[in-house]
file data03.cif (mmCIF, C-alpha atoms)
data_my_file
#
loop_
_atom_site.label_atom_id
_atom_site.label_comp_id
_atom_site.auth_asym_id
_atom_site.auth_seq_id
_atom_site.Cartn_x
_atom_site.Cartn_y
_atom_site.Cartn_z
CA MET A 1 34.85 19.88 -8.50
CA ALA A 2 31.34 18.77 -7.46
CA VAL A 3 31.03 15.37 -5.82
CA LYS A 4 28.30 13.24 -7.35
CA ARG A 5 25.71 12.19 -4.79
CA THR A 6 25.31 8.44 -4.42
CA SER A 7 21.75 7.16 -4.33
CA LEU A 8 20.69 4.97 -1.45
CA ARG A 9 19.53 1.59 -2.74
CA VAL A 10 16.23 0.40 -1.27
CA LEU A 11 14.72 -3.04 -1.80
CA ILE A 12 10.90 -2.94 -1.53
CA PHE A 13 9.14 -6.25 -0.91
CA PRO A 14 5.32 -6.27 -0.62
CA TRP A 15 2.89 -9.13 -0.02
CA LEU A 16 1.39 -10.61 -3.19
CA ALA A 17 -1.96 -8.79 -3.05
CA HIS A 18 -2.60 -5.76 -5.26
CA GLY A 19 -3.98 -3.92 -2.23
CA HIS A 20 -0.45 -4.14 -0.82
CA ILE A 21 1.59 -3.97 -4.04
CA PHE A 22 0.25 -0.66 -5.31
CA PRO A 23 0.74 1.31 -2.07
CA PHE A 24 4.31 -0.06 -2.04
CA LEU A 25 4.66 1.04 -5.68
CA GLU A 26 3.43 4.56 -4.88
CA LEU A 27 5.91 4.70 -2.00
CA ALA A 28 8.62 3.54 -4.42
CA LYS A 29 7.75 6.40 -6.79
CA ILE A 30 7.99 8.97 -3.99
CA LEU A 31 11.38 7.64 -2.85
CA SER A 32 12.61 7.51 -6.45
CA ARG A 33 11.86 11.21 -6.84
CA LYS A 34 13.99 11.80 -3.73
CA ASN A 35 17.06 10.25 -5.38
CA PHE A 36 16.66 6.74 -3.96
CA HIS A 37 17.40 3.83 -6.26
CA ILE A 38 14.53 1.38 -5.87
CA TYR A 39 14.38 -2.36 -6.40
CA LEU A 40 10.77 -3.55 -6.32
CA CYS A 41 10.54 -7.29 -5.81
CA SER A 42 7.50 -9.47 -6.57
CA THR A 43 6.36 -12.44 -8.63
CA PRO A 44 6.40 -12.16 -12.45
CA ILE A 45 2.59 -12.10 -12.70
CA ASN A 46 2.46 -9.11 -10.34
CA LEU A 47 5.36 -7.36 -12.05
CA ASP A 48 3.35 -7.36 -15.28
CA SER A 49 0.75 -5.12 -13.63
CA ILE A 50 3.49 -2.93 -12.16
CA LYS A 51 5.14 -2.55 -15.58
CA ASN A 52 1.88 -1.37 -17.09
CA ASN A 53 1.47 1.21 -14.36
CA LEU A 54 5.04 2.49 -14.68
CA GLN A 55 4.86 2.68 -18.48
CA THR A 56 1.69 4.75 -18.29
CA ASP A 57 3.07 7.00 -15.56
CA SER A 58 6.52 7.44 -17.13
CA SER A 59 5.24 10.14 -19.49
CA ASP A 60 5.13 12.55 -16.55
CA HIS A 61 7.90 11.15 -14.34
CA ASP A 62 11.26 9.46 -14.74
CA PHE A 63 11.44 6.79 -12.05
CA CYS A 64 14.60 4.98 -10.98
CA ILE A 65 12.79 1.73 -10.18
CA GLU A 66 14.15 -1.69 -11.11
CA LEU A 67 11.75 -4.63 -11.06
CA VAL A 68 13.13 -7.83 -9.55
CA GLU A 69 11.48 -11.20 -10.13
CA HIS A 70 10.81 -13.33 -7.07
CA HIS A 71 9.95 -16.93 -7.91
CA LEU A 72 7.84 -19.15 -5.71
CA PRO A 73 8.33 -22.93 -5.47
CA SER A 74 6.73 -24.78 -8.36
CA LEU A 75 3.55 -26.57 -7.25
CA PRO A 76 1.04 -28.41 -9.51
CA GLU A 77 -1.94 -26.77 -7.77
CA LEU A 78 -0.34 -23.31 -7.86
CA PRO A 79 0.84 -22.44 -11.39
CA PRO A 80 2.65 -19.11 -11.95
CA HIS A 81 -0.52 -17.20 -12.90
CA TYR A 82 -1.76 -17.91 -9.36
CA HIS A 83 1.33 -16.40 -7.73
CA THR A 84 -0.86 -13.43 -6.77
CA THR A 85 -4.08 -13.01 -4.82
CA LYS A 86 -5.73 -11.41 -7.83
CA ASN A 87 -8.20 -13.92 -9.36
CA LEU A 88 -6.88 -16.58 -6.98
CA PRO A 89 -9.51 -19.21 -6.09
CA PRO A 90 -10.20 -18.81 -2.35
CA HIS A 91 -9.31 -22.42 -1.55
CA LEU A 92 -5.76 -21.80 -2.82
CA LEU A 93 -4.97 -18.84 -0.54
CA LEU A 94 -3.31 -20.98 2.12
CA ASN A 95 -1.26 -22.70 -0.60
CA LEU A 96 -0.08 -19.31 -1.81
CA ILE A 97 0.86 -18.16 1.70
CA ASN A 98 2.82 -21.37 2.30
CA ALA A 99 4.56 -21.14 -1.07
CA PHE A 100 5.49 -17.52 -0.33
CA HIS A 101 6.98 -18.46 3.02
CA ASN A 102 8.86 -21.35 1.43
CA SER A 103 10.38 -18.97 -1.11
CA SER A 104 12.67 -17.42 1.50
CA PRO A 105 15.83 -19.09 0.04
CA ASN A 106 15.10 -17.37 -3.27
CA PHE A 107 14.73 -14.05 -1.49
CA SER A 108 17.97 -14.63 0.39
CA GLU A 109 19.75 -15.03 -2.95
CA ILE A 110 18.14 -11.82 -4.25
CA ILE A 111 19.22 -9.73 -1.28
CA THR A 112 22.73 -11.22 -1.40
CA ASN A 113 23.11 -10.24 -5.06
CA LEU A 114 21.58 -6.77 -4.76
CA LYS A 115 23.16 -5.77 -1.44
CA PRO A 116 20.67 -2.92 -0.80
CA ASP A 117 21.20 -0.29 1.88
CA LEU A 118 17.68 -0.82 3.25
CA LEU A 119 14.79 -3.28 3.01
CA ILE A 120 11.17 -2.08 3.24
CA TYR A 121 9.05 -5.15 3.91
CA ASP A 122 5.43 -6.16 4.47
CA GLY A 123 3.85 -7.79 7.50
CA PHE A 124 3.22 -11.08 5.71
CA GLN A 125 6.93 -11.88 5.50
CA PRO A 126 8.85 -11.04 8.68
CA TRP A 127 11.33 -13.70 7.54
CA SER A 128 12.54 -11.21 4.91
CA ALA A 129 13.62 -8.80 7.67
CA LYS A 130 15.47 -11.63 9.42
CA THR A 131 17.23 -12.48 6.16
CA ALA A 132 18.27 -8.85 5.70
CA SER A 133 19.45 -8.59 9.31
CA SER A 134 21.63 -11.69 8.89
CA GLN A 135 23.45 -9.81 6.12
CA GLY A 136 23.78 -6.57 8.08
CA ILE A 137 21.00 -4.77 6.19
CA PRO A 138 18.48 -2.74 8.25
CA SER A 139 14.76 -3.24 7.60
CA VAL A 140 11.73 -0.98 7.96
CA HIS A 141 8.18 -2.27 8.14
CA PHE A 142 5.61 -0.54 5.94
CA SER A 143 2.00 -1.12 6.97
CA THR A 144 -0.77 -0.75 4.41
CA SER A 145 -3.25 -1.09 7.29
CA SER A 146 -4.24 1.63 9.73
CA SER A 147 -2.26 2.32 12.90
CA THR A 148 -5.47 1.54 14.80
CA ALA A 149 -5.45 -2.05 13.54
CA ILE A 150 -1.70 -2.49 13.79
CA SER A 151 -1.83 -1.58 17.50
CA PHE A 152 -3.42 -4.97 18.16
CA PHE A 153 -0.62 -6.91 16.45
CA HIS A 154 2.44 -4.75 17.00
CA HIS A 155 4.30 -7.37 19.07
CA THR A 156 4.58 -9.76 16.13
CA LEU A 157 4.68 -7.29 13.24
CA LEU A 158 6.97 -4.45 14.27
CA GLU A 159 9.73 -5.85 16.45
CA LEU A 160 12.06 -6.36 13.47
CA SER A 161 11.52 -2.87 12.06
CA PHE A 162 14.59 -0.66 12.50
CA ASP A 163 13.74 2.41 14.65
CA ILE A 164 10.81 3.57 12.52
CA VAL A 165 7.58 2.16 11.10
CA LEU A 166 5.94 3.47 7.93
CA ILE A 167 2.14 3.67 7.97
CA LYS A 168 -0.12 4.33 4.98
CA SER A 169 -2.17 7.02 6.71
CA CYS A 170 -2.17 10.66 7.79
CA ARG A 171 -2.16 12.34 11.18
CA GLY A 172 -5.31 14.28 10.38
CA ILE A 173 -7.50 11.23 11.03
CA GLN A 174 -5.15 8.96 12.99
CA GLY A 175 -2.79 11.18 14.93
CA LYS A 176 -3.72 9.96 18.41
CA TYR A 177 -3.61 6.33 17.30
CA MET A 178 -0.16 6.81 15.77
CA ASP A 179 1.05 8.29 19.04
CA HIS A 180 -0.44 5.32 20.90
CA LEU A 181 1.21 2.83 18.55
CA SER A 182 4.54 4.66 18.88
CA THR A 183 4.34 4.26 22.66
CA LEU A 184 3.45 0.58 22.37
CA CYS A 185 6.27 -0.39 20.02
CA ASN A 186 8.82 2.24 21.10
CA LYS A 187 9.43 3.28 17.49
CA LYS A 188 8.82 6.45 15.50
CA ILE A 189 5.66 6.21 13.38
CA VAL A 190 6.04 7.92 10.01
CA PRO A 191 2.83 8.45 7.98
CA THR A 192 3.32 8.17 4.22
CA GLY A 193 0.01 9.78 3.28
CA PRO A 194 -2.75 7.97 1.37
CA LEU A 195 -0.55 6.80 -1.57
CA ILE A 196 -3.36 6.88 -4.12
CA THR A 197 -2.82 5.16 -7.46
CA PHE A 198 -4.47 7.43 -10.00
CA ALA A 199 -6.29 6.08 -13.03
CA GLN A 200 -4.66 7.20 -16.25
CA ASP A 201 -7.83 7.34 -18.30
CA GLN A 202 -10.89 9.43 -17.60
CA GLU A 203 -13.35 7.58 -19.82
CA ASN A 204 -15.77 6.97 -16.97
CA ALA A 205 -15.99 10.66 -16.13
CA ASP A 206 -17.40 11.38 -19.59
CA SER A 207 -19.50 8.25 -20.04
CA ASP A 208 -23.08 8.59 -21.23
CA ILE A 209 -24.52 6.78 -18.19
CA ILE A 210 -22.82 9.14 -15.72
CA LYS A 211 -23.92 12.18 -17.70
CA TRP A 212 -27.47 10.82 -17.80
CA LEU A 213 -27.55 10.20 -14.05
CA SER A 214 -25.97 13.55 -13.24
CA GLU A 215 -28.53 15.43 -15.33
CA ARG A 216 -31.28 13.81 -13.27
CA ASN A 217 -29.57 14.62 -9.97
CA ILE A 218 -29.35 10.91 -9.07
CA PRO A 219 -26.59 10.19 -6.51
CA LEU A 220 -23.75 8.12 -7.91
CA CYS A 221 -22.15 5.39 -5.83
CA THR A 222 -18.96 3.41 -6.18
CA ILE A 223 -18.71 -0.10 -4.77
CA HIS A 224 -15.33 -0.89 -3.26
CA SER A 225 -14.99 -4.62 -3.80
CA GLY A 226 -11.50 -5.23 -2.48
CA ALA A 227 -7.84 -4.82 -3.35
CA LYS A 228 -6.86 -2.26 -5.95
CA GLU A 229 -10.26 -0.87 -6.88
CA THR A 230 -8.60 1.58 -9.27
CA GLU A 231 -7.40 -1.11 -11.67
CA ARG A 232 -10.64 -1.19 -13.67
CA ASP A 233 -9.56 -4.19 -15.82
CA GLY A 234 -12.12 -3.43 -18.49
CA CYS A 235 -15.04 -3.07 -16.06
CA ALA A 236 -17.61 -0.28 -16.17
CA TRP A 237 -16.40 1.22 -12.91
CA MET A 238 -17.35 4.54 -11.35
CA GLY A 239 -14.36 6.01 -9.58
CA PRO A 240 -14.57 8.12 -6.43
CA THR A 241 -14.18 11.36 -8.34
CA ASP A 242 -17.41 10.55 -10.21
CA CYS A 243 -19.54 9.68 -7.20
CA ASP A 244 -21.50 11.17 -4.35
CA LEU A 245 -20.84 8.32 -1.93
CA GLY A 246 -19.03 5.00 -1.70
CA ALA A 247 -20.17 1.65 -0.31
CA SER A 248 -17.23 -0.23 1.17
CA LYS A 249 -16.36 -3.13 3.42
CA CYS A 250 -13.68 -0.74 4.73
CA GLY A 251 -10.42 -2.19 3.62
CA TRP A 252 -7.88 0.49 4.48
CA SER A 253 -7.06 1.41 0.87
CA SER A 254 -10.76 2.06 0.19
CA VAL A 255 -11.01 4.28 3.25
CA MET A 256 -7.91 6.27 2.31
CA GLU A 257 -9.09 6.71 -1.27
CA SER A 258 -12.52 7.96 -0.21
CA VAL A 259 -11.06 10.37 2.35
CA TYR A 260 -8.58 11.69 -0.23
CA PHE A 261 -11.31 12.42 -2.79
CA GLY A 262 -13.80 13.70 -0.20
CA VAL A 263 -16.37 10.98 -0.90
CA PRO A 264 -18.42 9.92 2.16
CA LEU A 265 -18.56 6.20 2.91
CA VAL A 266 -21.34 3.78 3.69
CA ALA A 267 -19.46 1.17 5.72
CA LEU A 268 -20.28 -2.55 5.60
CA PRO A 269 -17.35 -4.15 7.48
CA LEU A 270 -16.98 -7.92 7.32
CA LYS A 271 -13.72 -9.21 8.86
CA LEU A 272 -10.12 -8.62 9.90
CA ASP A 273 -9.38 -4.88 10.36
CA GLN A 274 -12.57 -3.77 8.59
CA PRO A 275 -14.75 -3.30 11.73
CA LEU A 276 -12.02 -1.14 13.31
CA ASN A 277 -11.69 0.90 10.14
CA ALA A 278 -15.47 1.37 9.98
CA ARG A 279 -15.50 2.74 13.55
CA LEU A 280 -12.71 5.11 12.57
CA VAL A 281 -14.71 6.28 9.54
CA VAL A 282 -17.62 7.15 11.82
CA GLU A 283 -15.37 8.78 14.46
CA ALA A 284 -13.68 10.93 11.82
CA GLY A 285 -17.05 12.03 10.46
CA VAL A 286 -16.38 10.75 6.94
CA GLY A 287 -19.06 8.08 6.75
CA VAL A 288 -21.85 6.03 8.29
CA GLU A 289 -21.77 2.37 9.31
CA VAL A 290 -24.72 0.22 8.24
CA VAL A 291 -26.59 -1.17 11.26
CA ARG A 292 -26.79 -4.97 11.21
CA ASP A 293 -30.10 -6.84 11.38
CA GLU A 294 -31.18 -9.29 14.09
CA ASP A 295 -29.17 -12.08 12.49
CA GLY A 296 -25.98 -10.00 12.44
CA GLY A 297 -26.09 -9.42 8.69
CA PHE A 298 -26.83 -6.49 6.41
CA ASP A 299 -30.23 -5.95 4.82
CA GLY A 300 -31.72 -3.47 2.37
CA LEU A 301 -33.46 -1.45 5.07
CA GLY A 302 -30.23 -0.82 6.97
CA MET A 303 -28.39 0.02 3.74
CA ALA A 304 -31.11 2.45 2.65
CA LYS A 305 -31.11 4.15 6.04
CA ALA A 306 -27.33 4.65 5.94
CA ILE A 307 -27.42 5.99 2.39
CA ASN A 308 -30.22 8.40 3.25
CA GLU A 309 -28.26 9.60 6.28
CA VAL A 310 -25.22 10.32 4.12
CA ILE A 311 -27.27 12.06 1.43
CA ALA A 312 -29.12 14.15 4.04
CA GLU A 313 -25.82 15.30 5.55
CA GLU A 314 -24.57 16.24 2.10
#

call {"tool": "encode", "arguments": {"input": "data03.cif", "output": "structure tokens"}}
result
Amino acid sequence: MAVKRTSLRVLIFPWLAHGHIFPFLELAKILSRKNFHIYLCSTPINLDSIKNNLQTDSSDHDFCIELVEHHLPSLPELPPHYHTTKNLPPHLLLNLINAFHNSSPNFSEIITNLKPDLLIYDGFQPWSAKTASSQGIPSVHFSTSSSTAISFFHHTLLELSFDIVLIKSCRGIQGKYMDHLSTLCNKKIVPTGPLITFAQDQENADSDIIKWLSERNIPLCTIHSGAKETERDGCAWMGPTDCDLGASKCGWSSVMESVYFGVPLVALPLKLDQPLNARLVVEAGVGVEVVRDEDGGFDGLGMAKAINEVIAEE
């Protein structure tokens, strides 16, 4: 008599930004196909977007993913539709971060009720790993940033991760940096690949404007504006498969998406890990960084020069 295999139960808990949520969701789909039972935990407003994605994708795949609502403290200045970074007024970001941190008792109740075998958590909430540890549940950190950037912050981000660290990247462009990070944190670095969220409609590929431009041999460009560029949300957006080059501030998801689709990047890094990612783009030979002007900003001349360099190499 065959013994039925028991699925491992994994609780996945991303930060509240779509640029974090959707890589975690793609990881959840991969694990679900490998017979893991997934609980994906986020705020109700974010779960609405996740539901839409899963409903669209379910025609091709049968995912064992349960969505778990995580409620933040009720604050007058932070109503439930702002329990996400999407469309959040910039002055409320700190309020959202504080509310998220103050929601740890709610998360403790969730993990007590679910009793998962493993927690996969984000860098914004190390307290979730501590909560899991207090209940005897191991935790693994999943980084949606590059191993290059994480190397600078590994002391605070990775110490709670159990034996391994998951990185949204691939060894082809970051192998030596993964090895360096592994030495720094004394943990095995496991690349998950680019974890691209594919658009379900291809309306843009057949649009009149793209056909018109293509017929005239005019290079097409996509502008990566931030988290979850592939959402579209009713915008006239040209995806990377439609374009000859991409202009990006070099958030890591934008870099991974462009590398995956073979679209060269014009890099305009602004803050955080973006300058590091831009240097990596240049080092890997997949793009050009725009040279700043005398005031340290970007101007049209520098942008034009970078675009021409990319087009000439093409």

call {"tool": "closest_atom_pairs", "arguments": {"input": "data03.cif", "of": "region 99-126 of chain A", "to": "region 43-56 of chain A", "cutoff": "12 Å", "atoms": "all atoms listed in the file", "output": "Markdown table"}}
result
| residue | atom | partner | partner_atom | distance |
| --- | --- | --- | --- | --- |
| A:Ala99 | CA | A:Thr43 | CA | 11.7 |
| A:Phe100 | CA | A:Thr43 | CA | 9.8 |
| A:Ser103 | CA | A:Thr43 | CA | 10.7 |
| A:Asn106 | CA | A:Thr43 | CA | 11.4 |
| A:Phe107 | CA | A:Thr43 | CA | 11.1 |

call {"tool": "resolve_selection", "arguments": {"input": "data03.cif", "expression": "the PyMOL selection byres ((chain A and resi 262) around 10)", "output": "list in words"}}
result
Pro240, Thr241, Cys243, Asp244, Leu245, Met256, Glu257, Ser258, Val259, Tyr260, Phe261, Val263, Pro264, Leu265 and Val286 of chain A

call {"tool": "closest_residue", "arguments": {"input": "data03.cif", "among": "A:Glu77, A:Glu66, A:Glu109, A:Asp179", "to": "Phe36 (chain A)", "atoms": "all atoms listed in the file"}}
result
A:Glu66

call {"tool": "atom_distance", "arguments": {"input": "data03.cif", "atom1": "CA of Ile196 (chain A)", "atom2": "CA of Val255 (chain A)"}}
result
10.9 Å

call {"tool": "atom_distance", "arguments": {"input": "data03.cif", "atom1": "CA of Thr197 (chain A)", "atom2": "CA of His101 (chain A)"}}
result
27.6 Å

call {"tool": "closest_residue", "arguments": {"input": "data03.cif", "among": "A:Leu181, A:Val190, A:Ala267, A:Leu40", "to": "Phe142 (chain A)", "atoms": "all atoms listed in the file"}}
result
A:Val190

call {"tool": "decode", "arguments": {"input": "data03.cif", "residues": "region 256-295 of chain A", "atoms": "N, CA and C atoms", "output": "compact mmCIF listing (two decimals), in the first residue's frame"}}
result
# COMPACT_ATOMS: atom_id res chain seq x y z
N MET A 256 16.49 42.39 -13.40
CA MET A 256 16.26 40.98 -13.67
C MET A 256 15.34 40.78 -14.86
N GLU A 257 14.31 41.59 -14.95
CA GLU A 257 13.35 41.48 -16.05
C GLU A 257 14.03 41.77 -17.39
N SER A 258 14.83 42.83 -17.43
CA SER A 258 15.51 43.20 -18.67
C SER A 258 16.54 42.14 -19.08
N VAL A 259 17.27 41.61 -18.13
CA VAL A 259 18.24 40.55 -18.43
C VAL A 259 17.51 39.31 -18.96
N TYR A 260 16.39 38.96 -18.33
CA TYR A 260 15.64 37.78 -18.73
C TYR A 260 15.17 37.88 -20.17
N PHE A 261 14.66 39.07 -20.56
CA PHE A 261 14.12 39.24 -21.91
C PHE A 261 15.18 39.71 -22.92
N GLY A 262 16.43 39.88 -22.46
CA GLY A 262 17.48 40.27 -23.37
C GLY A 262 17.37 41.70 -23.87
N VAL A 263 16.82 42.58 -23.04
CA VAL A 263 16.66 43.99 -23.41
C VAL A 263 17.74 44.81 -22.72
N PRO A 264 18.62 45.49 -23.46
CA PRO A 264 19.68 46.28 -22.83
C PRO A 264 19.11 47.47 -22.06
N LEU A 265 19.82 47.86 -21.02
CA LEU A 265 19.34 48.91 -20.11
C LEU A 265 20.12 50.20 -20.26
N VAL A 266 19.41 51.30 -20.15
CA VAL A 266 20.01 52.61 -19.93
C VAL A 266 19.75 52.93 -18.46
N ALA A 267 20.82 52.95 -17.67
CA ALA A 267 20.69 53.01 -16.21
C ALA A 267 20.76 54.45 -15.70
N LEU A 268 19.74 54.81 -14.89
CA LEU A 268 19.70 56.13 -14.24
C LEU A 268 19.47 55.92 -12.75
N PRO A 269 20.47 55.42 -12.02
CA PRO A 269 20.29 55.08 -10.61
C PRO A 269 20.11 56.32 -9.75
N LEU A 270 19.26 56.20 -8.72
CA LEU A 270 18.96 57.34 -7.87
C LEU A 270 19.39 57.13 -6.42
N LYS A 271 19.03 55.99 -5.80
CA LYS A 271 19.24 55.84 -4.36
C LYS A 271 19.29 54.36 -3.98
N LEU A 272 19.51 54.14 -2.69
CA LEU A 272 19.52 52.80 -2.10
C LEU A 272 20.47 51.87 -2.86
N ASP A 273 19.97 50.70 -3.32
CA ASP A 273 20.85 49.75 -4.00
C ASP A 273 21.00 50.04 -5.49
N GLN A 274 20.30 51.06 -5.99
CA GLN A 274 20.29 51.32 -7.43
C GLN A 274 21.67 51.62 -8.02
N PRO A 275 22.51 52.46 -7.39
CA PRO A 275 23.86 52.67 -7.95
C PRO A 275 24.67 51.39 -8.06
N LEU A 276 24.59 50.52 -7.04
CA LEU A 276 25.29 49.24 -7.11
C LEU A 276 24.77 48.38 -8.26
N ASN A 277 23.46 48.35 -8.40
CA ASN A 277 22.87 47.56 -9.48
C ASN A 277 23.27 48.09 -10.85
N ALA A 278 23.35 49.43 -10.97
CA ALA A 278 23.76 50.03 -12.24
C ALA A 278 25.19 49.63 -12.60
N ARG A 279 26.08 49.62 -11.60
CA ARG A 279 27.46 49.20 -11.85
C ARG A 279 27.51 47.74 -12.30
N LEU A 280 26.63 46.93 -11.70
CA LEU A 280 26.58 45.52 -12.07
C LEU A 280 26.08 45.36 -13.50
N VAL A 281 25.10 46.17 -13.89
CA VAL A 281 24.58 46.15 -15.26
C VAL A 281 25.71 46.41 -16.26
N VAL A 282 26.53 47.42 -15.95
CA VAL A 282 27.65 47.76 -16.83
C VAL A 282 28.69 46.63 -16.83
N GLU A 283 29.02 46.12 -15.65
CA GLU A 283 30.03 45.05 -15.54
C GLU A 283 29.61 43.81 -16.30
N ALA A 284 28.30 43.50 -16.24
CA ALA A 284 27.80 42.30 -16.92
C ALA A 284 27.62 42.51 -18.41
N GLY A 285 27.79 43.75 -18.87
CA GLY A 285 27.66 44.02 -20.30
C GLY A 285 26.23 44.03 -20.80
N VAL A 286 25.28 44.33 -19.91
CA VAL A 286 23.87 44.31 -20.32
C VAL A 286 23.26 45.71 -20.35
N GLY A 287 24.09 46.74 -20.22
CA GLY A 287 23.56 48.09 -20.27
C GLY A 287 24.63 49.15 -20.11
N VAL A 288 24.19 50.40 -20.16
CA VAL A 288 25.06 51.56 -20.06
C VAL A 288 24.49 52.50 -19.00
N GLU A 289 25.37 53.04 -18.15
CA GLU A 289 24.92 54.00 -17.14
C GLU A 289 25.04 55.42 -17.70
N VAL A 290 24.00 56.21 -17.48
CA VAL A 290 24.01 57.60 -17.94
C VAL A 290 24.99 58.41 -17.09
N VAL A 291 25.88 59.13 -17.75
CA VAL A 291 26.85 59.97 -17.04
C VAL A 291 26.14 61.21 -16.49
N ARG A 292 26.39 61.54 -15.24
CA ARG A 292 25.75 62.68 -14.61
C ARG A 292 26.40 63.99 -15.07
N ASP A 293 25.63 65.08 -14.97
CA ASP A 293 26.16 66.39 -15.36
C ASP A 293 26.97 67.01 -14.21
N GLU A 294 27.39 68.24 -14.37
CA GLU A 294 28.23 68.90 -13.36
C GLU A 294 27.53 69.05 -12.01
N ASP A 295 26.22 69.10 -12.03
CA ASP A 295 25.45 69.26 -10.79
C ASP A 295 25.08 67.92 -10.16
